[in-house]
>>> print(open('my_file.pdb').read())   # PDB, C-alpha atoms
ATOM      1  CA  MET A   1     -28.595 -50.358 -30.284
ATOM      2  CA  LYS A   2     -26.579 -53.557 -30.563
ATOM      3  CA  ARG A   3     -28.515 -56.751 -31.208
ATOM      4  CA  LYS A   4     -28.015 -59.625 -28.755
ATOM      5  CA  ASN A   5     -29.527 -63.097 -28.954
ATOM      6  CA  ILE A   6     -31.255 -64.378 -25.846
ATOM      7  CA  VAL A   7     -33.028 -67.525 -24.736
ATOM      8  CA  THR A   8     -35.960 -67.881 -22.323
ATOM      9  CA  SER A   9     -37.049 -71.149 -20.709
ATOM     10  CA  PHE A  10     -40.028 -72.094 -18.568
ATOM     11  CA  LEU A  11     -39.948 -75.022 -16.149
ATOM     12  CA  PHE A  12     -43.191 -76.900 -15.470
ATOM     13  CA  LYS A  13     -43.878 -79.488 -12.779
ATOM     14  CA  ASP A  14     -47.154 -80.923 -11.489
ATOM     15  CA  GLY A  15     -49.189 -78.310 -13.359
ATOM     16  CA  LYS A  16     -47.147 -75.417 -11.966
ATOM     17  CA  VAL A  17     -44.759 -73.082 -13.772
ATOM     18  CA  LEU A  18     -41.646 -71.517 -12.259
ATOM     19  CA  LEU A  19     -41.549 -67.739 -12.626
ATOM     20  CA  LEU A  20     -38.646 -65.672 -11.344
ATOM     21  CA  LYS A  21     -38.606 -62.000 -10.460
ATOM     22  CA  ARG A  22     -35.894 -60.199 -12.413
ATOM     23  CA  SER A  23     -33.225 -58.369 -10.448
ATOM     24  CA  ASP A  24     -33.125 -54.595 -10.210
ATOM     25  CA  LYS A  25     -29.527 -54.885 -11.476
ATOM     26  CA  VAL A  26     -30.321 -56.316 -14.944
ATOM     27  CA  GLY A  27     -30.448 -54.236 -18.109
ATOM     28  CA  SER A  28     -34.087 -54.801 -19.033
ATOM     29  CA  PHE A  29     -37.476 -55.529 -17.461
ATOM     30  CA  ARG A  30     -36.152 -54.866 -13.933
ATOM     31  CA  GLY A  31     -38.405 -56.243 -11.203
ATOM     32  CA  LYS A  32     -40.697 -58.032 -13.672
ATOM     33  CA  TRP A  33     -41.718 -61.696 -13.514
ATOM     34  CA  ALA A  34     -40.205 -63.908 -16.226
ATOM     35  CA  GLY A  35     -38.933 -67.314 -17.199
ATOM     36  CA  ILE A  36     -35.268 -68.235 -16.969
ATOM     37  CA  SER A  37     -33.402 -66.167 -19.531
ATOM     38  CA  GLY A  38     -29.959 -65.105 -20.607
ATOM     39  CA  PHE A  39     -27.670 -64.359 -23.502
ATOM     40  CA  ILE A  40     -26.718 -66.956 -26.082
ATOM     41  CA  GLU A  41     -22.944 -67.010 -26.071
ATOM     42  CA  ASP A  42     -20.752 -69.310 -28.215
ATOM     43  CA  GLU A  43     -23.370 -72.100 -28.196
ATOM     44  CA  ASN A  44     -26.681 -73.069 -29.714
ATOM     45  CA  SER A  45     -29.994 -72.055 -28.138
ATOM     46  CA  LEU A  46     -30.556 -75.404 -26.372
ATOM     47  CA  GLU A  47     -27.087 -75.312 -24.828
ATOM     48  CA  ALA A  48     -27.697 -71.726 -23.690
ATOM     49  CA  ALA A  49     -31.080 -72.652 -22.189
ATOM     50  CA  LEU A  50     -29.611 -75.586 -20.249
ATOM     51  CA  ARG A  51     -26.707 -73.441 -19.030
ATOM     52  CA  GLU A  52     -29.042 -70.687 -17.844
ATOM     53  CA  ILE A  53     -31.319 -73.198 -16.080
ATOM     54  CA  LYS A  54     -28.287 -74.622 -14.263
ATOM     55  CA  GLU A  55     -26.968 -71.150 -13.350
ATOM     56  CA  GLU A  56     -30.306 -69.833 -12.099
ATOM     57  CA  THR A  57     -31.797 -72.912 -10.410
ATOM     58  CA  ASP A  58     -28.914 -75.388  -9.942
ATOM     59  CA  VAL A  59     -31.028 -77.989 -11.796
ATOM     60  CA  ASP A  60     -28.823 -80.092 -14.073
ATOM     61  CA  SER A  61     -30.057 -81.112 -17.531
ATOM     62  CA  LYS A  62     -30.109 -84.797 -16.502
ATOM     63  CA  ASN A  63     -32.829 -83.887 -13.967
ATOM     64  CA  LEU A  64     -35.103 -82.298 -16.578
ATOM     65  CA  GLU A  65     -37.794 -84.346 -18.279
TER      66      GLU A  65
END
>>> encode(input="my_file.pdb", output="structure tokens")
Amino acid sequence: MKRKNIVTSFLFKDGKVLLLKRSDKVGSFRGKWAGISGFIEDENSLEAALREIKEETDVDSKNLE
């Protein structure tokens, strides 16, 4: 099995946490509830987390507290 680095982020607002149901098309944990996650590409973990948040929610890093 090839090792891949991933990042997972959780967004909180007003005492609530955003959980997303994983697609049936992904490679792991299909249909399970999770935070926002994805592979770390040619970037550091913070950059990957911000990219994934933008891709999955359309929330830009300037709108995160």
>>> residues_around(input="my_file.pdb", residues="A:Thr57", least_positions_apart="5", cutoff="12 Å", atoms="only C-alpha atoms", output="list in words")
Ser9, Phe10, Leu11, Leu18, Leu19, Leu20, Gly35, Ile36, Ser37, Ala49, Leu50, Arg51, Glu52, Asn63 and Leu64 of chain A
>>> closest_residue(input="my_file.pdb", among="A:Lys62, A:Val26, A:Asp14, A:Val7", to="A:Glu47", atoms="only C-alpha atoms")
A:Val7
>>> resolve_selection(input="my_file.pdb", expression="the PyMOL selection byres ((chain A and resi 22) around 8)", output="PyMOL selection string")
chain A and resi 20-21+23-24+26+29-34
>>> axis_aligned_box(input="my_file.pdb", around="stretch 43-62 of chain A", padding_each_side="3 Å", output="AutoDock Vina command-line options")
--center_x -27.6 --center_y -77.3 --center_z -19.8 --size_x 14.4 --size_y 21.0 --size_z 25.8
>>> residues_around(input="my_file.pdb", residues="A:Phe39", least_positions_apart="2", cutoff="7 Å", atoms="all atoms listed in the file", output="compact mmCIF listing (two decimals) with C-alpha atoms, in the coordinates of the input")
# COMPACT_ATOMS: atom_id res chain seq x y z
CA ASN A 5 -29.53 -63.10 -28.95
CA ILE A 6 -31.26 -64.38 -25.85
CA VAL A 7 -33.03 -67.53 -24.74
CA GLU A 41 -22.94 -67.01 -26.07
>>> atom_distance(input="my_file.pdb", atom1="atom CA of A:Lys16", atom2="atom CA of A:Ser28")
25.4 Å
>>> build_atoms(input="my_file.pdb", residues="stretch 33-55 of chain A", atoms="N, CA and C atoms", output="CSV table (one decimal), keeping the file's coordinate frame")
chain,number,residue,atom,x,y,z
A,33,TRP,N,-41.7,-60.2,-13.6
A,33,TRP,CA,-41.7,-61.7,-13.5
A,33,TRP,C,-41.4,-62.3,-14.9
A,34,ALA,N,-40.6,-63.3,-14.9
A,34,ALA,CA,-40.2,-63.9,-16.2
A,34,ALA,C,-39.8,-65.4,-16.1
A,35,GLY,N,-39.5,-66.0,-17.2
A,35,GLY,CA,-38.9,-67.3,-17.2
A,35,GLY,C,-37.4,-67.2,-17.0
A,36,ILE,N,-36.7,-68.2,-17.1
A,36,ILE,CA,-35.3,-68.2,-17.0
A,36,ILE,C,-34.7,-67.8,-18.3
A,37,SER,N,-33.9,-66.7,-18.3
A,37,SER,CA,-33.4,-66.2,-19.5
A,37,SER,C,-32.0,-65.7,-19.4
A,38,GLY,N,-31.3,-65.6,-20.6
A,38,GLY,CA,-30.0,-65.1,-20.6
A,38,GLY,C,-29.5,-65.0,-22.0
A,39,PHE,N,-28.3,-64.5,-22.2
A,39,PHE,CA,-27.7,-64.4,-23.5
A,39,PHE,C,-27.2,-65.7,-24.1
A,40,ILE,N,-27.3,-65.8,-25.4
A,40,ILE,CA,-26.7,-67.0,-26.1
A,40,ILE,C,-25.3,-66.6,-26.4
A,41,GLU,N,-24.4,-67.3,-25.9
A,41,GLU,CA,-22.9,-67.0,-26.1
A,41,GLU,C,-22.4,-67.8,-27.2
A,42,ASP,N,-21.3,-68.5,-27.1
A,42,ASP,CA,-20.8,-69.3,-28.2
A,42,ASP,C,-21.3,-70.7,-28.1
A,43,GLU,N,-22.6,-70.8,-28.4
A,43,GLU,CA,-23.4,-72.1,-28.2
A,43,GLU,C,-24.7,-72.0,-29.0
A,44,ASN,N,-25.4,-73.1,-29.1
A,44,ASN,CA,-26.7,-73.1,-29.7
A,44,ASN,C,-27.7,-72.7,-28.7
A,45,SER,N,-29.0,-72.5,-29.1
A,45,SER,CA,-30.0,-72.1,-28.1
A,45,SER,C,-30.3,-73.1,-27.1
A,46,LEU,N,-30.3,-74.4,-27.4
A,46,LEU,CA,-30.6,-75.4,-26.4
A,46,LEU,C,-29.4,-75.4,-25.3
A,47,GLU,N,-28.2,-75.3,-25.8
A,47,GLU,CA,-27.1,-75.3,-24.8
A,47,GLU,C,-27.2,-74.1,-23.9
A,48,ALA,N,-27.6,-72.9,-24.5
A,48,ALA,CA,-27.7,-71.7,-23.7
A,48,ALA,C,-28.8,-71.9,-22.7
A,49,ALA,N,-29.9,-72.5,-23.1
A,49,ALA,CA,-31.1,-72.7,-22.2
A,49,ALA,C,-30.7,-73.6,-21.0
A,50,LEU,N,-30.0,-74.7,-21.3
A,50,LEU,CA,-29.6,-75.6,-20.2
A,50,LEU,C,-28.6,-74.9,-19.3
A,51,ARG,N,-27.7,-74.1,-19.9
A,51,ARG,CA,-26.7,-73.4,-19.0
A,51,ARG,C,-27.4,-72.4,-18.1
A,52,GLU,N,-28.3,-71.7,-18.6
A,52,GLU,CA,-29.0,-70.7,-17.8
A,52,GLU,C,-29.9,-71.4,-16.8
A,53,ILE,N,-30.5,-72.5,-17.1
A,53,ILE,CA,-31.3,-73.2,-16.1
A,53,ILE,C,-30.4,-73.6,-14.9
A,54,LYS,N,-29.2,-74.2,-15.3
A,54,LYS,CA,-28.3,-74.6,-14.3
A,54,LYS,C,-27.8,-73.4,-13.4
A,55,GLU,N,-27.5,-72.3,-14.1
A,55,GLU,CA,-27.0,-71.2,-13.4
A,55,GLU,C,-28.0,-70.6,-12.4
